[in-house]
Structures are given as structure tokens and as C-alpha cells.
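**Q** What follows is query_1.cif, made up of mmCIF, C-alpha atoms and all ligand atoms:
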data_protein
#
loop_
_atom_site.group_PDB
_atom_site.id
_atom_site.type_symbol
_atom_site.label_atom_id
_atom_site.label_comp_id
_atom_site.auth_asym_id
_atom_site.auth_seq_id
_atom_site.Cartn_x
_atom_site.Cartn_y
_atom_site.Cartn_z
ATOM 1 C CA MET A 1 -16.967 -28.748 26.612
ATOM 2 C CA GLU A 2 -17.066 -25.878 29.111
ATOM 3 C CA GLY A 3 -13.452 -25.094 28.317
ATOM 4 C CA LEU A 4 -14.296 -25.040 24.606
ATOM 5 C CA ALA A 5 -17.224 -22.677 25.229
ATOM 6 C CA VAL A 6 -14.943 -20.296 27.161
ATOM 7 C CA VAL A 7 -12.372 -20.363 24.352
ATOM 8 C CA GLY A 8 -15.184 -19.661 21.876
ATOM 9 C CA VAL A 9 -16.454 -16.685 23.879
ATOM 10 C CA VAL A 10 -12.923 -15.276 24.271
ATOM 11 C CA PHE A 11 -12.342 -15.657 20.523
ATOM 12 C CA VAL A 12 -15.580 -13.825 19.703
ATOM 13 C CA LEU A 13 -14.658 -11.042 22.175
ATOM 14 C CA ILE A 14 -11.213 -10.658 20.569
ATOM 15 C CA VAL A 15 -12.750 -10.439 17.074
ATOM 16 C CA VAL A 16 -15.350 -7.893 18.243
ATOM 17 C CA ALA A 17 -12.654 -5.842 20.037
ATOM 18 C CA TYR A 18 -10.382 -5.917 16.944
ATOM 19 C CA PHE A 19 -13.063 -4.601 14.614
ATOM 20 C CA GLY A 20 -14.233 -2.136 17.280
ATOM 21 C CA VAL A 21 -10.738 -0.667 17.685
ATOM 22 C CA SER A 22 -10.264 -0.623 13.910
ATOM 23 C CA ALA A 23 -13.563 1.258 13.474
ATOM 24 C CA VAL A 24 -12.614 3.759 16.202
ATOM 25 C CA LEU A 25 -9.156 4.287 14.672
ATOM 26 C CA ARG A 26 -10.814 5.314 11.411
ATOM 27 C CA ARG A 27 -12.590 8.082 13.286
ATOM 28 C CA ILE A 28 -9.689 9.558 15.272
ATOM 29 C CA PRO A 29 -8.236 12.561 13.429
ATOM 30 C CA ALA A 30 -4.482 12.064 13.049
ATOM 31 C CA PRO A 31 -2.208 14.732 14.588
ATOM 32 C CA SER A 32 -0.718 17.177 12.081
ATOM 33 C CA LEU A 33 2.860 16.704 10.973
ATOM 34 C CA ARG A 34 5.511 19.261 12.013
ATOM 35 C CA LEU A 35 7.804 19.796 9.057
ATOM 36 C CA PRO A 36 11.518 20.545 9.514
ATOM 37 C CA THR A 37 12.813 24.020 8.721
ATOM 38 C CA GLY A 38 16.521 23.209 8.201
ATOM 39 C CA PRO A 39 18.187 23.685 4.795
ATOM 40 C CA ILE A 40 17.217 21.336 1.974
ATOM 41 C CA PRO A 41 20.354 19.906 0.283
ATOM 42 C CA ASP A 42 20.872 21.505 -3.162
ATOM 43 C CA ALA A 43 21.333 18.126 -4.847
ATOM 44 C CA TRP A 44 17.762 17.087 -3.952
ATOM 45 C CA HIS A 45 16.230 19.672 -6.321
ATOM 46 C CA GLY A 46 18.133 18.191 -9.264
ATOM 47 C CA ILE A 47 17.287 14.604 -8.288
ATOM 48 C CA VAL A 48 13.562 15.362 -8.067
ATOM 49 C CA GLU A 49 13.633 17.396 -11.299
ATOM 50 C CA ARG A 50 15.370 14.549 -13.138
ATOM 51 C CA ASN A 51 13.669 11.490 -11.652
ATOM 52 C CA VAL A 52 10.216 12.634 -10.552
ATOM 53 C CA PRO A 53 8.570 14.407 -13.507
ATOM 54 C CA LEU A 54 5.219 14.151 -11.709
ATOM 55 C CA ALA A 55 6.515 16.871 -9.374
ATOM 56 C CA ARG A 56 6.993 19.325 -12.272
ATOM 57 C CA GLY A 57 3.310 20.272 -12.289
ATOM 58 C CA LEU A 58 3.343 21.207 -8.583
ATOM 59 C CA SER A 59 3.225 24.803 -7.379
ATOM 60 C CA SER A 60 6.405 26.138 -5.764
ATOM 61 C CA ASP A 61 4.780 25.809 -2.310
ATOM 62 C CA GLU A 62 3.908 22.198 -3.035
ATOM 63 C CA ARG A 63 7.435 21.433 -4.237
ATOM 64 C CA GLU A 64 8.831 22.951 -1.044
ATOM 65 C CA ARG A 65 6.416 20.863 1.044
ATOM 66 C CA LEU A 66 7.333 17.733 -0.927
ATOM 67 C CA LEU A 67 11.029 18.215 -0.125
ATOM 68 C CA ARG A 68 10.200 18.885 3.556
ATOM 69 C CA LEU A 69 8.272 15.610 3.609
ATOM 70 C CA VAL A 70 11.314 13.920 2.043
ATOM 71 C CA GLN A 71 13.390 15.274 4.948
ATOM 72 C CA VAL A 72 10.960 13.698 7.425
ATOM 73 C CA PHE A 73 10.873 10.438 5.470
ATOM 74 C CA LEU A 74 14.664 10.137 5.282
ATOM 75 C CA ALA A 75 15.078 10.965 8.982
ATOM 76 C CA ASP A 76 12.430 8.459 10.134
ATOM 77 C CA LYS A 77 12.653 5.508 7.785
ATOM 78 C CA HIS A 78 15.328 2.895 7.281
ATOM 79 C CA PHE A 79 16.701 2.023 3.811
ATOM 80 C CA GLU A 80 18.546 -1.198 3.061
ATOM 81 C CA GLY A 81 20.272 -2.130 -0.205
ATOM 82 C CA CYS A 82 19.695 -5.784 -1.174
ATOM 83 C CA GLY A 83 21.049 -8.063 -3.921
ATOM 84 C CA GLY A 84 24.378 -6.183 -3.985
ATOM 85 C CA LEU A 85 22.846 -2.713 -4.407
ATOM 86 C CA THR A 86 24.784 0.150 -2.831
ATOM 87 C CA LEU A 87 22.380 2.829 -1.662
ATOM 88 C CA THR A 88 22.937 6.369 -2.887
ATOM 89 C CA GLU A 89 21.356 9.709 -2.079
ATOM 90 C CA GLU A 90 19.668 9.585 -5.504
ATOM 91 C CA ILE A 91 17.973 6.264 -4.707
ATOM 92 C CA LYS A 92 16.748 7.422 -1.307
ATOM 93 C CA VAL A 93 15.539 10.857 -2.427
ATOM 94 C CA THR A 94 13.771 9.481 -5.523
ATOM 95 C CA ILE A 95 11.877 6.795 -3.594
ATOM 96 C CA ALA A 96 11.057 9.191 -0.737
ATOM 97 C CA ALA A 97 9.834 11.944 -3.112
ATOM 98 C CA GLU A 98 7.548 9.559 -4.993
ATOM 99 C CA ALA A 99 6.187 8.103 -1.746
ATOM 100 C CA CYS A 100 5.638 11.576 -0.275
ATOM 101 C CA LEU A 101 3.782 12.773 -3.377
ATOM 102 C CA LEU A 102 0.823 10.790 -1.995
ATOM 103 C CA LEU A 103 1.075 12.651 1.340
ATOM 104 C CA LEU A 104 1.312 16.146 -0.123
ATOM 105 C CA HIS A 105 -2.125 17.261 1.066
ATOM 106 C CA LEU A 106 -2.883 14.587 3.670
ATOM 107 C CA GLU A 107 -3.077 15.517 7.319
ATOM 108 C CA GLY A 108 -1.303 13.375 9.863
ATOM 109 C CA PRO A 109 2.090 11.739 10.311
ATOM 110 C CA CYS A 110 4.379 10.415 7.576
ATOM 111 C CA TYR A 111 3.461 6.744 7.083
ATOM 112 C CA PRO A 112 3.327 6.038 10.835
ATOM 113 C CA SER A 113 3.178 2.249 10.537
ATOM 114 C CA PHE A 114 5.870 2.036 7.850
ATOM 115 C CA ARG A 115 9.538 1.535 8.857
ATOM 116 C CA THR A 116 11.803 0.036 6.187
ATOM 117 C CA VAL A 117 12.432 0.069 2.424
ATOM 118 C CA LEU A 118 14.409 -2.834 1.014
ATOM 119 C CA VAL A 119 15.802 -1.849 -2.405
ATOM 120 C CA TYR A 120 16.919 -4.424 -4.986
ATOM 121 C CA PRO A 121 18.787 -3.421 -8.159
ATOM 122 C CA HIS A 122 16.286 -5.220 -10.443
ATOM 123 C CA GLU A 123 13.126 -7.303 -10.192
ATOM 124 C CA PHE A 124 13.441 -9.773 -7.340
ATOM 125 C CA VAL A 125 12.084 -13.147 -6.309
ATOM 126 C CA PRO A 126 10.300 -13.031 -2.952
ATOM 127 C CA LYS A 127 11.865 -15.312 -0.356
ATOM 128 C CA VAL A 128 9.070 -17.829 0.258
ATOM 129 C CA ALA A 129 10.812 -21.184 0.253
ATOM 130 C CA ARG A 130 8.230 -23.266 2.060
ATOM 131 C CA SER A 131 4.468 -23.282 1.936
ATOM 132 C CA PRO A 132 3.319 -21.956 5.336
ATOM 133 C CA GLY A 133 0.469 -24.507 5.432
ATOM 134 C CA THR A 134 2.238 -27.769 4.617
ATOM 135 C CA GLY A 135 5.925 -26.971 5.019
ATOM 136 C CA GLU A 136 6.515 -28.238 1.472
ATOM 137 C CA ILE A 137 8.869 -26.369 -0.848
ATOM 138 C CA ALA A 138 6.714 -23.862 -2.696
ATOM 139 C CA PRO A 139 7.109 -23.431 -6.478
ATOM 140 C CA PRO A 140 9.381 -20.494 -7.362
ATOM 141 C CA PRO A 141 7.256 -17.345 -7.186
ATOM 142 C CA ALA A 142 7.159 -14.849 -10.028
ATOM 143 C CA ARG A 143 9.693 -12.015 -10.138
ATOM 144 C CA LEU A 144 8.303 -8.813 -8.652
ATOM 145 C CA MET A 145 8.920 -5.069 -9.117
ATOM 146 C CA GLY A 146 7.668 -4.302 -5.631
ATOM 147 C CA GLU A 147 5.946 -5.700 -2.611
ATOM 148 C CA SER A 148 4.307 -4.162 0.447
ATOM 149 C CA TRP A 149 4.187 -6.060 3.738
ATOM 150 C CA GLY A 150 1.633 -5.470 6.452
ATOM 151 C CA ASP A 151 4.338 -4.995 9.103
ATOM 152 C CA GLY A 152 5.699 -1.740 7.687
ATOM 153 C CA VAL A 153 8.135 -2.981 5.033
ATOM 154 C CA VAL A 154 8.208 -2.107 1.323
ATOM 155 C CA VAL A 155 10.449 -4.055 -1.054
ATOM 156 C CA ILE A 156 11.212 -2.346 -4.328
ATOM 157 C CA SER A 157 13.261 -2.711 -7.528
ATOM 158 C CA TRP A 158 15.375 0.367 -8.284
ATOM 159 C CA ASP A 159 15.338 -0.271 -12.066
ATOM 160 C CA ASP A 160 11.559 -0.351 -12.073
ATOM 161 C CA THR A 161 11.348 2.649 -9.765
ATOM 162 C CA VAL A 162 13.303 4.753 -12.268
ATOM 163 C CA ARG A 163 11.422 3.388 -15.288
ATOM 164 C CA GLY A 164 8.020 3.922 -13.618
ATOM 165 C CA ALA A 165 8.875 7.383 -12.370
ATOM 166 C CA ARG A 166 10.474 8.738 -15.547
ATOM 167 C CA ASN A 167 7.436 7.893 -17.653
ATOM 168 C CA PRO A 168 4.790 9.831 -15.759
ATOM 169 C CA ALA A 169 1.917 9.081 -18.155
ATOM 170 C CA ASP A 170 1.790 5.292 -18.564
ATOM 171 C CA GLY A 171 -0.185 4.582 -15.374
ATOM 172 C CA GLU A 172 2.623 2.379 -14.027
ATOM 173 C CA ASN A 173 4.510 3.540 -10.974
ATOM 174 C CA VAL A 174 5.722 0.932 -8.527
ATOM 175 C CA VAL A 175 6.488 3.395 -5.696
ATOM 176 C CA LEU A 176 3.037 5.009 -5.824
ATOM 177 C CA HIS A 177 1.530 1.502 -5.941
ATOM 178 C CA GLU A 178 3.373 0.092 -2.920
ATOM 179 C CA PHE A 179 2.916 3.218 -0.796
ATOM 180 C CA ALA A 180 -0.807 3.282 -1.578
ATOM 181 C CA HIS A 181 -0.804 -0.178 0.067
ATOM 182 C CA GLN A 182 0.949 1.353 3.094
ATOM 183 C CA LEU A 183 -1.744 4.062 3.351
ATOM 184 C CA ASP A 184 -4.392 1.371 3.020
ATOM 185 C CA ALA A 185 -2.762 -0.639 5.850
ATOM 186 C CA GLU A 186 -2.708 2.271 8.343
ATOM 187 C CA ASP A 187 -5.963 1.195 10.006
ATOM 188 C CA GLY A 188 -4.673 -2.368 10.423
ATOM 189 C CA VAL A 189 -6.660 -3.804 7.497
ATOM 190 C CA THR A 190 -5.466 -3.829 3.868
ATOM 191 C CA ASP A 191 -8.850 -3.784 2.185
ATOM 192 C CA GLY A 192 -8.811 -0.894 -0.291
ATOM 193 C CA ALA A 193 -10.120 1.615 2.282
ATOM 194 C CA PRO A 194 -7.480 3.926 3.805
ATOM 195 C CA LEU A 195 -8.205 6.109 6.845
ATOM 196 C CA LEU A 196 -11.155 8.270 5.825
ATOM 197 C CA ALA A 197 -13.299 10.912 7.454
ATOM 198 C CA PRO A 198 -16.439 9.250 8.858
ATOM 199 C CA SER A 199 -18.617 11.278 6.487
ATOM 200 C CA ALA A 200 -16.664 9.927 3.480
ATOM 201 C CA LEU A 201 -16.731 6.220 4.382
ATOM 202 C CA ARG A 202 -20.091 5.253 2.895
ATOM 203 C CA THR A 203 -19.613 7.006 -0.468
ATOM 204 C CA TRP A 204 -16.044 5.702 -0.726
ATOM 205 C CA GLY A 205 -17.211 2.117 -0.138
ATOM 206 C CA GLY A 206 -20.047 2.451 -2.673
ATOM 207 C CA VAL A 207 -18.002 4.057 -5.454
ATOM 208 C CA LEU A 208 -14.895 1.901 -4.997
ATOM 209 C CA SER A 209 -16.927 -1.329 -4.895
ATOM 210 C CA ALA A 210 -18.881 -0.414 -8.038
ATOM 211 C CA GLU A 211 -15.689 0.589 -9.889
ATOM 212 C CA TYR A 212 -13.907 -2.574 -8.758
ATOM 213 C CA GLU A 213 -16.777 -4.721 -10.109
ATOM 214 C CA ARG A 214 -16.698 -2.714 -13.347
ATOM 215 C CA LEU A 215 -12.963 -3.408 -13.763
ATOM 216 C CA ARG A 216 -13.549 -7.120 -13.078
ATOM 217 C CA ARG A 217 -16.163 -7.189 -15.849
ATOM 218 C CA ASP A 218 -13.895 -5.214 -18.211
ATOM 219 C CA ALA A 219 -11.014 -7.616 -17.514
ATOM 220 C CA ALA A 220 -13.230 -10.702 -17.989
ATOM 221 C CA ASP A 221 -14.578 -9.343 -21.312
ATOM 222 C CA ASP A 222 -11.165 -8.106 -22.468
ATOM 223 C CA ARG A 223 -12.433 -4.512 -22.589
ATOM 224 C CA ARG A 224 -9.950 -1.634 -22.523
ATOM 225 C CA SER A 225 -9.878 0.452 -19.336
ATOM 226 C CA ALA A 226 -7.853 3.387 -18.040
ATOM 227 C CA LEU A 227 -7.125 1.121 -15.061
ATOM 228 C CA ASP A 228 -4.679 -1.782 -15.365
ATOM 229 C CA GLU A 229 -6.515 -5.086 -15.063
ATOM 230 C CA TYR A 230 -4.214 -6.087 -12.179
ATOM 231 C CA GLY A 231 -6.563 -3.897 -10.126
ATOM 232 C CA ALA A 232 -9.241 -6.563 -10.616
ATOM 233 C CA THR A 233 -7.231 -8.938 -8.349
ATOM 234 C CA ASN A 234 -8.887 -7.700 -5.136
ATOM 235 C CA LYS A 235 -9.975 -4.399 -3.554
ATOM 236 C CA ALA A 236 -6.543 -3.653 -2.060
ATOM 237 C CA GLU A 237 -4.904 -3.974 -5.498
ATOM 238 C CA PHE A 238 -7.742 -1.921 -6.970
ATOM 239 C CA PHE A 239 -6.961 1.002 -4.649
ATOM 240 C CA ALA A 240 -3.216 0.767 -5.431
ATOM 241 C CA VAL A 241 -3.807 0.620 -9.221
ATOM 242 C CA ALA A 242 -6.417 3.420 -9.022
ATOM 243 C CA THR A 243 -3.826 5.559 -7.192
ATOM 244 C CA GLU A 244 -1.211 4.985 -9.931
ATOM 245 C CA THR A 245 -3.818 5.886 -12.589
ATOM 246 C CA PHE A 246 -5.012 8.950 -10.649
ATOM 247 C CA PHE A 247 -1.517 10.460 -10.640
ATOM 248 C CA GLU A 248 -0.277 9.241 -14.041
ATOM 249 C CA LYS A 249 -3.411 9.293 -16.259
ATOM 250 C CA PRO A 250 -5.590 11.792 -14.407
ATOM 251 C CA VAL A 251 -7.327 13.290 -17.441
ATOM 252 C CA GLN A 252 -8.329 9.889 -18.806
ATOM 253 C CA LEU A 253 -9.417 8.653 -15.366
ATOM 254 C CA GLU A 254 -11.539 11.750 -14.780
ATOM 255 C CA ARG A 255 -13.155 11.443 -18.230
ATOM 256 C CA GLU A 256 -13.913 7.711 -18.008
ATOM 257 C CA HIS A 257 -14.418 7.259 -14.240
ATOM 258 C CA PRO A 258 -15.515 10.660 -12.879
ATOM 259 C CA GLU A 259 -16.893 9.288 -9.597
ATOM 260 C CA LEU A 260 -13.723 7.316 -8.855
ATOM 261 C CA TYR A 261 -11.605 10.361 -9.760
ATOM 262 C CA GLY A 262 -13.760 12.480 -7.427
ATOM 263 C CA GLN A 263 -13.249 10.090 -4.499
ATOM 264 C CA LEU A 264 -9.474 9.976 -5.007
ATOM 265 C CA GLN A 265 -9.353 13.757 -5.445
ATOM 266 C CA GLN A 266 -11.175 14.175 -2.138
ATOM 267 C CA PHE A 267 -8.985 11.646 -0.332
ATOM 268 C CA TYR A 268 -5.596 12.862 -1.595
ATOM 269 C CA GLY A 269 -6.640 16.541 -1.623
ATOM 270 C CA GLN A 270 -5.044 16.845 -5.074
ATOM 271 C CA ASP A 271 -6.412 17.473 -8.565
ATOM 272 C CA PRO A 272 -3.693 16.177 -10.933
ATOM 273 C CA ALA A 273 -5.948 16.525 -14.015
ATOM 274 C CA ARG A 274 -5.638 20.316 -13.610
ATOM 275 C CA ARG A 275 -1.817 20.251 -13.534
ATOM 276 C CA ALA A 276 0.343 20.813 -16.571
ATOM 277 C CA PRO A 277 1.139 17.460 -18.199
ATOM 278 C CA ALA A 278 4.590 16.244 -17.219
ATOM 279 C CA PRO A 279 6.746 15.217 -20.206
ATOM 280 C CA PRO A 280 8.793 12.024 -19.793
ATOM 281 C CA SER A 281 12.403 12.560 -18.744
ATOM 282 C CA PRO A 282 15.018 12.208 -21.464
ATOM 283 C CA PRO A 283 17.024 8.983 -21.177
ATOM 284 C CA PRO A 284 20.323 9.341 -19.322
ATOM 285 C CA PRO A 285 23.405 9.874 -21.532
ATOM 286 C CA GLY A 286 24.634 6.625 -23.046
ATOM 287 C CA ALA A 287 21.372 4.737 -22.439
ATOM 288 C CA ALA A 288 20.156 2.347 -25.122
ATOM 289 C CA PRO A 289 17.172 3.700 -27.106
HETATM 290 ZN ZN ZN A 301 -0.130 -4.397 -5.037
#
Output the file's structure in the form of C-alpha cells.
Ligand SMILES: [Zn+2]
**A**
Amino acid sequence: MEGLAVVGVVFVLIVVAYFGVSAVLRRIPAPSLRLPTGPIPDAWHGIVERNVPLARGLSSDERERLLRLVQVFLADKHFEGCGGLTLTEEIKVTIAAEACLLLLHLEGPCYPSFRTVLVYPHEFVPKVARSPGTGEIAPPPARLMGESWGDGVVVISWDDTVRGARNPADGENVVLHEFAHQLDAEDGVTDGAPLLAPSALRTWGGVLSAEYERLRRDAADDRRSALDEYGATNKAEFFAVATETFFEKPVQLEREHPELYGQLQQFYGQDPARRAPAPPSPPPPGAAP
């Protein structure tokens, strides 16, 4: 029994220490990022212009900063083509530019806990063959456009990346979604609350919780919302869906959910509702209508 009591005390201490460290981490200001000054490859401007219409509303300083962040991203992070996909500069720059759009006005390093992007040509089936609990073969999981793992890996479909990026006004953008999860995970807990200034924590928690409950009610009653009902899954998905909506349907989000818009505006340091609307990209030559 004594042994059990000791194990119990140690367990409690570990839990207390974990949440203590997590709480402290939220309060440590992240060091600023030093951006490279070397030349930006000419081809990158065309790739971003073609594939990332959300960047068209940025000021010239912001576009320059976005491409500098892409340089950091491509130097630091590992890309891997999966399912027979051969990686190209276009794939890497497009994914990096979309991911870095979230960081445009954030202080701190470039996704410090994120390491690898696995890129599939199309939707993919996650590799979970056996149920972790029972060891039994799990039923085939649904096909996914993207997935974000807690250990610094994002898995993404290139087809869906292009489709989501080139229509900048439908509220669907798989890269923004998965990298919002990475921001959320930076404090060690994926719970819908990214690293925030201490003064912002309470309001963030209050507004996000109320908006999450509102979306759950809207989804249950089949009521239309600016936010995709997938955000009603849990608070982590709510933050990821709210991020997609903030960048792709900012005017509607601000009109229908002004408090949520205000919190996201404060967190990202961006006001996309004030930018010129970005028209969808024309389809590439030869594409089916
Ligand atoms: Zn998600």
C-alpha cells in the first residue's frame, strides 16, 4: 500500500508540474525572429501570386515579410513527398506561404515545435491499422485532406491545398487549418488556446467558449453559420475553423461574430476585413470547368 501511495504522490506531482510548466510557458514572451536578408528567388513571386490569392490584399511590406518567412520556413522545415508525389518548388513555396500567412504579425520563432510536412498528391487514408487499446484491426478511417500531429508533423493533400488556396472566399483552407493546430499546440496542449499574452487569456477563454457553444447549438439546430459546423467537434477544431473563416470570410465573420473576430484580430495582429477582397485564381490552362 505504501508503494501505491508513493506512486500516487509522484503522479500528482508530475501532473501539477506539467500544468505549472505549461502555464509558465504561456507567460514567457517568445524571442523575436531574425529574418534572412539574402535574395528572394524570382519564381516565388509568381508562385505566391498564382496560388495564394489571400496574399494579394497585403501591403508591399507585408508581402516582403511573407516571403522572408517562407525563406525561414523552407530552411528549417523538412518536406517529404508521399504516395508517389514528387516535390517541387511550387508545392513547397505554396504550402510555406499559406502557413506563414498566419505568422505575418506574430512575434516569436517560426513554428518552433513543428518539423515536417508530409505531402500526398490527393486525399489520403491515415495509417492506423490497429486500435491502440485492443490491438484489433480498426475499421478503415475516412479519407482526409490534412492532419496535424502533436509531435510537429503536418500531413497534407496537395490537390486540396491548391483548391483551398485558390478559392480565397469559401472559408475552406486546409493549410491554414492544420497550421492553426500547430500554433495551438505550441504550449504543449491542443485545446483551442494558442500562446497568448497573460492579459488576453481570460477574455479569449470567455469569448471562444461562448462562440464554440453557439456553433454547437447552430449545428444541432441546423442553423446557418459563417463557421463550418466541423468547428463544433471540439475547441481545438473550433480554433482551426475560426482561423480559416477569419482569413477567408472576414467581412461575414466580423458582421456575425464581432467578438470572435476581435479576438482573432488581436491574436494574429491582422485585420483581413479591411483588405481588398481577393478574387479567385483563374483555373490553370486545360483544366476542366
Ligand atoms: Zn482539425
**Q** What does the distance from atom CA of A:Phe246 to atom CA of A:Tyr230 come to in Å, to one decimal?
**A** 15.1 Å
**Q** Using all atoms listed in the file, find each protein or nucleic acid residue lying at most 7 Å from ligand ZN 301 (chain A); present the set as a list in words.
**A** Glu147, His177, Glu178, His181, Glu237 and Ala240 of chain A
**Q** With distances taken over only C-alpha atoms, which residue among A:Asn234, A:Thr245, A:Gln182, A:Gln263 lies nearest A:Asp170?
**A**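 Going through A:Asn234, A:Thr245, A:Gln182, A:Gln263 one by one, the smallest distance to A:Asp170 is for A:Thr245.
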**Q** Can you pull out every residue within 8 Å of stretch 149-154 of chain A, counting all atoms listed in the file, but drop anything in the same chain fewer than 3 positions away, and send it as a PyMOL selection string?
**A** chain A and resi 113-118+146+178-179+182+185+190
**Q** Give me, please, the distance in Å between atom CA of A:Tyr268 and atom CA of A:Ala75, quoted to one decimal.
**A**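 These two atoms are separated by 23.3 Å.
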**Q** With a distance cut-off of 9 Å and all atoms listed in the file, select the neighbouring residues of A:Val70, excluding the residue or stretch itself and same-chain residues fewer than 6 positions from it, and output the selection as a VMD selection string.
**A** chain A and resid 93 96 to 97 99 to 100
**Q** Of the candidates A:Leu227, A:Ala210, A:Ala165, A:Val174, which one gets nearest to A:Leu54 if we count only C-alpha atoms?
**A**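 Of A:Leu227, A:Ala210, A:Ala165, A:Val174, the one nearest A:Leu54, counting only C-alpha atoms, is A:Ala165.
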**Q** What is the distance between atom CA of A:Glu98 and atom CA of A:Leu208, in Å to one decimal?
**A** 23.7 Å
**Q** Taking only C-alpha atoms into account, which of A:Leu85, A:Ala236, A:Ala226, A:Ala219 comes nearest A:Ala180?
**A**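 Distance minimum relative to A:Ala180 lands on A:Ala236.
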**Q** So which residues get picked by the PyMOL selection byres (((chain A and resi 186) around 8) and not hetatm) here, written as a ChimeraX atom specification?
**A** /A:111-113,182-185,187-189,194-195
**Q** For A:Asp61, list every protein, DNA or RNA residue within 12 Å, evaluated using all atoms listed in the file, and leave out those in the same chain fewer than 5 positions away; present the list as an mmCIF file with C-alpha atoms, in the frame of the given file.
**A**
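The result, stored in selection33.cif:
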data_model
loop_
_atom_site.group_PDB
_atom_site.id
_atom_site.type_symbol
_atom_site.label_atom_id
_atom_site.label_comp_id
_atom_site.auth_asym_id
_atom_site.auth_seq_id
_atom_site.Cartn_x
_atom_site.Cartn_y
_atom_site.Cartn_z
ATOM 1 C CA ALA A 55 6.515 16.871 -9.374
ATOM 2 C CA LEU A 66 7.333 17.733 -0.927
ATOM 3 C CA LEU A 67 11.029 18.215 -0.125
ATOM 4 C CA ARG A 68 10.200 18.885 3.556
ATOM 5 C CA LEU A 104 1.312 16.146 -0.123
ATOM 6 C CA HIS A 105 -2.125 17.261 1.066
#
**Q** Grab all the atoms of stretch 43-48 of chain A that the file lists, wrap them in a box along x, y and z, add 3 Å per side, and give me centre plus edge lengths in Å (one decimal) as JSON.
**A**
{"center_x": 17.4, "center_y": 17.1, "center_z": -6.6, "size_x": 13.8, "size_y": 11.1, "size_z": 11.3}
**Q** At a cut-off of 9 Å, using only C-alpha atoms, what residues contact A:Glu123? Leave out same-chain residues fewer than 5 positions from it and give the result as JSON, numbers by chain.
**A** {"A": [143, 144, 145, 146, 156, 157, 158, 159, 160]}
**Q** Take the PyMOL selection byres (((chain A and resi 271-275) around 10) and not hetatm), apply it to the structure above, and return the hits as an NGL selection string.
**A** :A and (54-59 or 246-255 or 261-262 or 264-266 or 268-270 or 276-278)
**Q** Please produce a file of those selected residues containing C-alpha atoms, as a compact mmCIF listing (two decimals), in the frame of the given file.
**A**
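Output saved as again-v2.txt:
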# COMPACT_ATOMS: atom_id res chain seq x y z
CA LEU A 54 5.22 14.15 -11.71
CA ALA A 55 6.52 16.87 -9.37
CA ARG A 56 6.99 19.32 -12.27
CA GLY A 57 3.31 20.27 -12.29
CA LEU A 58 3.34 21.21 -8.58
CA SER A 59 3.22 24.80 -7.38
CA PHE A 246 -5.01 8.95 -10.65
CA PHE A 247 -1.52 10.46 -10.64
CA GLU A 248 -0.28 9.24 -14.04
CA LYS A 249 -3.41 9.29 -16.26
CA PRO A 250 -5.59 11.79 -14.41
CA VAL A 251 -7.33 13.29 -17.44
CA GLN A 252 -8.33 9.89 -18.81
CA LEU A 253 -9.42 8.65 -15.37
CA GLU A 254 -11.54 11.75 -14.78
CA ARG A 255 -13.16 11.44 -18.23
CA TYR A 261 -11.60 10.36 -9.76
CA GLY A 262 -13.76 12.48 -7.43
CA LEU A 264 -9.47 9.98 -5.01
CA GLN A 265 -9.35 13.76 -5.44
CA GLN A 266 -11.18 14.18 -2.14
CA TYR A 268 -5.60 12.86 -1.60
CA GLY A 269 -6.64 16.54 -1.62
CA GLN A 270 -5.04 16.84 -5.07
CA ALA A 276 0.34 20.81 -16.57
CA PRO A 277 1.14 17.46 -18.20
CA ALA A 278 4.59 16.24 -17.22
**Q** Contacts of A:Asp218 at 12 Å or less, counting all atoms listed in the file, minus same-chain residues fewer than 5 places along, as a list in words?
**A**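 So, after excluding close chain neighbours, the residues are Glu211, Tyr212, Glu213, Arg223, Arg224, Ser225, Ala226, Leu227, Asp228, Glu229, Tyr230, Gly231 and Ala232 of chain A.
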**Q** Between A:Cys82, A:Pro121, A:Thr94, A:Cys110, single out the one closest to A:Arg166, counting all atoms listed in the file.
**A**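 Checking each of A:Cys82, A:Pro121, A:Thr94, A:Cys110 against A:Arg166, counting all atoms listed in the file, the winner is A:Thr94.
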**Q** So which one's closest to A:Glu259, A:Val207, A:Ala43, A:Leu101, A:Val175? Using all atoms listed in the file, please.
**A**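 The answer is A:Val207, which sits nearest to A:Glu259.
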